[in-house]
Amino acid sequence: MTRKVLLTGGCGYIGSHICMELIKQGFTPVILDNLCNSSTIPLRRIEQLTGQPIPFIEGDIRNEATLERLFSEHAIEATIHLAGLKSVAESVAKPISYYQNNFAGTLPLCEVMQRHGVKRFIYSSSATVYGLTAQSPIREDAPTAPASPYGQSKLMAEIALRDIAHADPQWKIAILRYFNPVGAHASGQIGEHPNGVPNNLMPYVSQVATGRRPFIQVFGSDYPTPDGTGVRDYLHVCDLADAHLCALRWLDGAQGIRTFNLGTGRGYSVLEIIDAYEKACGHPLPRQFLDRRPGDVASYHADPGLAVDELRWRATRDIEDMCRDAWNWQSHNPNGYVES
Ligand code: NAD
Ligand code: UD1
């Protein structure tokens, strides 16, 4: 019998890559997603690629009845919790939605898990919890100071998880703070499909590369960085998916709760990303230099040492791999997921 893992938000960008990796490594992912920012097309593609049927429940993490049914029908041994909202700008306009989905939504999930005696949990958090002033390389014990309702909502869920683990030592919890996930699965069949105009650099560059947008807007060229543009710790989404499998294995021997940074430990500037993408797609990418984006920091990167030591995980894919796979996905799916 295979080991069943509940994957909330499994139809989304990161979830679909974790789903693929779970199947590859012999687990059965059970997907719960309300499809508010996704569709079931990635699941159908993964089923085609792997030949495995994927149990899918369309529903909301805030609906306790749905969760009850799910845990009664499936012998889940651990949950990887990705379901949530992720736009910084939207969170400023709609804070209630963010606190409801990201913070409050985590509670019924834990409550139903506890009732069913399932106490292994992996939580998708973000480097955004460190806020704007953290010194790089950022370690897990750096102070937290989120600068948006999105960041606050992720940190509040972390705090609740810490209290849950302290109240009941049977809980085993890994909090994973992602830096900047980019790229796509090497098959070109699953990838990132942002709604509307992409907020993040890599999907925007991808859409310029296919001609869907005329030029890249480079936000700020006067930062105190080597080329004046912002520097981030980009991480291949398949390395990120691998980290969840390492965390699942780590939970087998773990006790209590632990937080891990997931990044490569090195930063790339906006211009370095554009250069690497030009090599991947084989043509020049027009860009315009604009003012800094409000709320952006000049530069940050992770210290991933704890994940290396404890999870036995290390990112293996470099910036060329990230851009090649992003371009492979984008050029084969210029409009993202569309029904065929
Ligand atoms: P995504 O929007 O592609 O995926 C999230 C999925 O969750 C979507 O399929 C959406 O339909 C689903 N969902 C949202 N609210 C739900 C609810 N209440 N009930 C059930 N399903 C719900 O986002 P992603 O990029 O795959 O991010 C996944 C997780 O990783 C999020 O928790 C996000 O905060 C975190 N994260 C993402 C990034 C990033 O850059 N993408 C960085 C750090 C952390
Ligand atoms: C953003 C979010 C962060 C979230 C992360 C998810 C903000 C302020 N921060 O981080 O909370 O966790 O996404 O991956 O929104 N850039 C451009 N042109 C663009 C887009 C971005 O020049 O069109 C620059 C930015 O100024 C930055 C870099 O590219 O220097 C990366 O930006 P982005 O991909 O949005 O990620 P973050 O800012 O790190």
# chains A, B, ... in the order shown; residues from 1 in each chain; ligands from 1
$ residues_near_ligand --ligand "ligand 2" --cutoff "9 Å" --atoms "only C-alpha atoms and all ligand atoms" --output "count of residues only"
55
$ residues_near_ligand --ligand "ligand 1" --cutoff "8 Å" --atoms "only C-alpha atoms and all ligand atoms" --output "PDB file with C-alpha atoms, in the first residue's frame"
ATOM      1  CA  THR A   8      -3.621  21.271  -0.171  1.00  0.00           C
ATOM      2  CA  GLY A   9      -3.307  23.718  -3.056  1.00  0.00           C
ATOM      3  CA  GLY A  10      -1.978  20.857  -5.180  1.00  0.00           C
ATOM      4  CA  CYS A  11      -3.348  22.286  -8.452  1.00  0.00           C
ATOM      5  CA  GLY A  12      -1.243  25.434  -8.092  1.00  0.00           C
ATOM      6  CA  TYR A  13       2.218  26.276  -9.367  1.00  0.00           C
ATOM      7  CA  ILE A  14       4.308  24.783  -6.580  1.00  0.00           C
ATOM      8  CA  GLY A  15       1.760  22.127  -5.587  1.00  0.00           C
ATOM      9  CA  SER A  16       1.663  20.585  -9.064  1.00  0.00           C
ATOM     10  CA  LEU A  32      -7.567  19.369  -1.962  1.00  0.00           C
ATOM     11  CA  ASP A  33      -7.975  22.625  -3.876  1.00  0.00           C
ATOM     12  CA  ASN A  34     -10.829  25.105  -4.296  1.00  0.00           C
ATOM     13  CA  LEU A  35      -9.447  26.117  -7.730  1.00  0.00           C
ATOM     14  CA  CYS A  36      -9.607  29.840  -6.861  1.00  0.00           C
ATOM     15  CA  ASN A  37      -6.251  30.340  -8.600  1.00  0.00           C
ATOM     16  CA  SER A  38      -5.877  27.187 -10.678  1.00  0.00           C
ATOM     17  CA  SER A  39      -7.629  24.445 -12.628  1.00  0.00           C
ATOM     18  CA  GLU A  58     -12.578  20.198  -4.992  1.00  0.00           C
ATOM     19  CA  GLY A  59     -13.076  22.049  -1.743  1.00  0.00           C
ATOM     20  CA  ASP A  60     -11.902  24.685   0.663  1.00  0.00           C
ATOM     21  CA  ILE A  61      -9.484  24.211   3.564  1.00  0.00           C
ATOM     22  CA  ARG A  62     -11.878  26.306   5.664  1.00  0.00           C
ATOM     23  CA  HIS A  81      -0.161  22.609   3.198  1.00  0.00           C
ATOM     24  CA  LEU A  82       0.223  25.018   0.291  1.00  0.00           C
ATOM     25  CA  ALA A  83      -3.340  26.268  -0.187  1.00  0.00           C
ATOM     26  CA  GLY A  84      -3.497  30.007   0.221  1.00  0.00           C
ATOM     27  CA  LEU A  85      -3.331  33.382  -1.458  1.00  0.00           C
ATOM     28  CA  LYS A  86       0.038  34.849  -2.413  1.00  0.00           C
ATOM     29  CA  GLN A 100      -9.023  34.076   6.426  1.00  0.00           C
ATOM     30  CA  ASN A 101      -7.331  31.851   3.865  1.00  0.00           C
ATOM     31  CA  ASN A 102      -3.726  31.832   5.027  1.00  0.00           C
ATOM     32  CA  GLY A 105      -7.721  28.386   7.067  1.00  0.00           C
ATOM     33  CA  TYR A 123       3.875  24.259   5.896  1.00  0.00           C
ATOM     34  CA  SER A 124       4.626  26.539   2.916  1.00  0.00           C
ATOM     35  CA  SER A 125       5.903  29.754   4.340  1.00  0.00           C
ATOM     36  CA  SER A 126       7.862  32.517   2.696  1.00  0.00           C
ATOM     37  CA  ALA A 127      11.047  34.541   3.061  1.00  0.00           C
ATOM     38  CA  THR A 128       8.693  37.501   3.121  1.00  0.00           C
ATOM     39  CA  TYR A 150       0.352  38.527   3.107  1.00  0.00           C
ATOM     40  CA  LYS A 154       1.989  33.514   6.792  1.00  0.00           C
ATOM     41  CA  ARG A 177      10.353  29.389   4.125  1.00  0.00           C
ATOM     42  CA  TYR A 178      10.718  29.606   0.353  1.00  0.00           C
ATOM     43  CA  PHE A 179      12.869  32.280  -1.239  1.00  0.00           C
ATOM     44  CA  ASN A 180      12.019  32.918  -4.941  1.00  0.00           C
ATOM     45  CA  PRO A 181      10.708  29.781  -6.688  1.00  0.00           C
ATOM     46  CA  VAL A 182      10.966  29.940 -10.501  1.00  0.00           C
ATOM     47  CA  GLU A 192       3.487  28.705 -13.644  1.00  0.00           C
ATOM     48  CA  HIS A 193       0.274  30.233 -14.970  1.00  0.00           C
ATOM     49  CA  PRO A 194      -0.171  33.664 -13.406  1.00  0.00           C
ATOM     50  CA  ASN A 200       6.949  38.541 -10.295  1.00  0.00           C
TER      51      ASN A 200
END
$ select_by_dssp --residues "region 97-158 of chain A" --states "strand (DSSP E)" --output "PyMOL selection string"
chain A and resi 120-126
$ residues_around --residues "region 163-176 of chain A" --least-positions-apart "4" --cutoff "7 Å" --atoms "only C-alpha atoms" --output "list in words"
Lys119, Arg120, Phe121, Ile122, Tyr123, Ser124, Ser125, Ile159, Ala247, Leu251, Ala254, Gln255, Gly256, Ile257, Arg258, Thr259, Phe260, Asn261 and Leu262 of chain A
$ select_by_dssp --residues "region 76-250 of chain A" --states "alpha helix (DSSP H)" --output "number ranges by chain"
A: 88-93, 95-98, 106-115, 149-167, 201-209, 237-250
$ atom_distance --atom1 "CA of Ser153 (chain A)" --atom2 "CA of Glu90 (chain A)"
12.8 Å
$ decode --residues "region 53-100 of chain A" --atoms "N, CA and C atoms" --output "short mmCIF file (atom, residue, chain, number, x, y, z; two decimals), in the first residue's frame"
data_model
loop_
_atom_site.label_atom_id
_atom_site.label_comp_id
_atom_site.auth_asym_id
_atom_site.auth_seq_id
_atom_site.Cartn_x
_atom_site.Cartn_y
_atom_site.Cartn_z
N PRO A 53 -3.54 7.60 -11.45
CA PRO A 53 -4.70 8.44 -11.15
C PRO A 53 -4.44 9.23 -9.87
N ILE A 54 -4.90 10.48 -9.84
CA ILE A 54 -4.65 11.32 -8.66
C ILE A 54 -5.98 11.63 -7.98
N PRO A 55 -6.18 11.17 -6.73
CA PRO A 55 -7.41 11.52 -6.02
C PRO A 55 -7.49 13.04 -5.84
N PHE A 56 -8.64 13.63 -6.25
CA PHE A 56 -8.80 15.08 -6.17
C PHE A 56 -10.13 15.42 -5.51
N ILE A 57 -10.08 16.30 -4.54
CA ILE A 57 -11.29 16.81 -3.90
C ILE A 57 -11.35 18.30 -4.14
N GLU A 58 -12.42 18.75 -4.83
CA GLU A 58 -12.58 20.20 -4.99
C GLU A 58 -13.23 20.72 -3.73
N GLY A 59 -12.52 21.55 -2.99
CA GLY A 59 -13.08 22.05 -1.74
C GLY A 59 -12.12 23.02 -1.08
N ASP A 60 -12.63 23.60 0.00
CA ASP A 60 -11.90 24.69 0.66
C ASP A 60 -11.32 24.19 1.99
N ILE A 61 -10.10 24.62 2.29
CA ILE A 61 -9.48 24.21 3.56
C ILE A 61 -10.26 24.74 4.77
N ARG A 62 -11.13 25.74 4.53
CA ARG A 62 -11.88 26.31 5.66
C ARG A 62 -13.16 25.53 5.93
N ASN A 63 -13.47 24.54 5.08
CA ASN A 63 -14.71 23.79 5.23
C ASN A 63 -14.45 22.50 6.01
N GLU A 64 -14.84 22.52 7.27
CA GLU A 64 -14.52 21.39 8.15
C GLU A 64 -15.19 20.10 7.70
N ALA A 65 -16.43 20.22 7.17
CA ALA A 65 -17.15 19.01 6.73
C ALA A 65 -16.37 18.33 5.59
N THR A 66 -15.86 19.14 4.68
CA THR A 66 -15.06 18.58 3.57
C THR A 66 -13.83 17.86 4.12
N LEU A 67 -13.18 18.49 5.10
CA LEU A 67 -11.97 17.91 5.68
C LEU A 67 -12.28 16.61 6.41
N GLU A 68 -13.39 16.63 7.15
CA GLU A 68 -13.82 15.43 7.88
C GLU A 68 -13.97 14.26 6.92
N ARG A 69 -14.69 14.52 5.83
CA ARG A 69 -14.95 13.46 4.85
C ARG A 69 -13.63 12.96 4.26
N LEU A 70 -12.77 13.92 3.93
CA LEU A 70 -11.50 13.56 3.29
C LEU A 70 -10.67 12.65 4.21
N PHE A 71 -10.56 13.03 5.48
CA PHE A 71 -9.73 12.24 6.39
C PHE A 71 -10.40 10.91 6.76
N SER A 72 -11.75 10.85 6.65
CA SER A 72 -12.42 9.57 6.90
C SER A 72 -12.22 8.62 5.73
N GLU A 73 -12.20 9.17 4.51
CA GLU A 73 -12.13 8.32 3.32
C GLU A 73 -10.70 7.93 2.93
N HIS A 74 -9.73 8.74 3.35
CA HIS A 74 -8.34 8.46 2.95
C HIS A 74 -7.46 8.31 4.19
N ALA A 75 -6.62 7.28 4.17
CA ALA A 75 -5.69 7.07 5.30
C ALA A 75 -4.46 7.96 5.08
N ILE A 76 -4.64 9.24 5.41
CA ILE A 76 -3.57 10.22 5.20
C ILE A 76 -2.52 10.07 6.30
N GLU A 77 -1.25 10.12 5.91
CA GLU A 77 -0.22 10.06 6.98
C GLU A 77 0.46 11.40 7.23
N ALA A 78 0.36 12.32 6.29
CA ALA A 78 0.97 13.64 6.49
C ALA A 78 0.29 14.64 5.55
N THR A 79 0.37 15.91 5.93
CA THR A 79 -0.19 16.97 5.08
C THR A 79 0.92 17.93 4.65
N ILE A 80 0.91 18.26 3.37
CA ILE A 80 1.75 19.36 2.87
C ILE A 80 0.77 20.48 2.54
N HIS A 81 0.87 21.57 3.27
CA HIS A 81 -0.16 22.61 3.20
C HIS A 81 0.32 23.83 2.42
N LEU A 82 -0.14 23.89 1.15
CA LEU A 82 0.22 25.02 0.29
C LEU A 82 -0.94 25.94 -0.01
N ALA A 83 -2.18 25.48 0.23
CA ALA A 83 -3.34 26.27 -0.19
C ALA A 83 -3.30 27.63 0.48
N GLY A 84 -3.50 28.66 -0.33
CA GLY A 84 -3.50 30.01 0.22
C GLY A 84 -3.39 31.02 -0.89
N LEU A 85 -3.43 32.28 -0.50
CA LEU A 85 -3.33 33.38 -1.46
C LEU A 85 -1.93 33.97 -1.34
N LYS A 86 -1.40 34.54 -2.44
CA LYS A 86 0.04 34.85 -2.41
C LYS A 86 0.44 36.20 -3.01
N SER A 87 -0.52 37.07 -3.28
CA SER A 87 -0.11 38.35 -3.88
C SER A 87 0.04 39.43 -2.81
N VAL A 88 1.23 40.00 -2.73
CA VAL A 88 1.49 41.05 -1.74
C VAL A 88 0.55 42.24 -1.97
N ALA A 89 0.44 42.68 -3.22
CA ALA A 89 -0.37 43.87 -3.52
C ALA A 89 -1.84 43.60 -3.19
N GLU A 90 -2.34 42.42 -3.58
CA GLU A 90 -3.74 42.10 -3.31
C GLU A 90 -4.00 42.03 -1.81
N SER A 91 -3.00 41.58 -1.06
CA SER A 91 -3.20 41.43 0.39
C SER A 91 -3.36 42.78 1.08
N VAL A 92 -2.76 43.83 0.47
CA VAL A 92 -2.91 45.17 1.04
C VAL A 92 -4.35 45.65 0.81
N ALA A 93 -4.90 45.30 -0.37
CA ALA A 93 -6.27 45.72 -0.70
C ALA A 93 -7.32 44.84 -0.02
N LYS A 94 -7.01 43.56 0.20
CA LYS A 94 -8.01 42.61 0.73
C LYS A 94 -7.44 41.84 1.91
N PRO A 95 -7.11 42.54 2.99
CA PRO A 95 -6.45 41.83 4.11
C PRO A 95 -7.31 40.73 4.71
N ILE A 96 -8.64 40.93 4.74
CA ILE A 96 -9.49 39.92 5.40
C ILE A 96 -9.35 38.58 4.69
N SER A 97 -9.38 38.60 3.35
CA SER A 97 -9.23 37.35 2.59
C SER A 97 -7.92 36.66 2.93
N TYR A 98 -6.88 37.45 3.09
CA TYR A 98 -5.56 36.85 3.36
C TYR A 98 -5.51 36.24 4.75
N TYR A 99 -6.06 36.96 5.74
CA TYR A 99 -6.05 36.39 7.09
C TYR A 99 -6.97 35.17 7.15
N GLN A 100 -8.10 35.23 6.42
CA GLN A 100 -9.02 34.08 6.43
C GLN A 100 -8.40 32.84 5.79
#
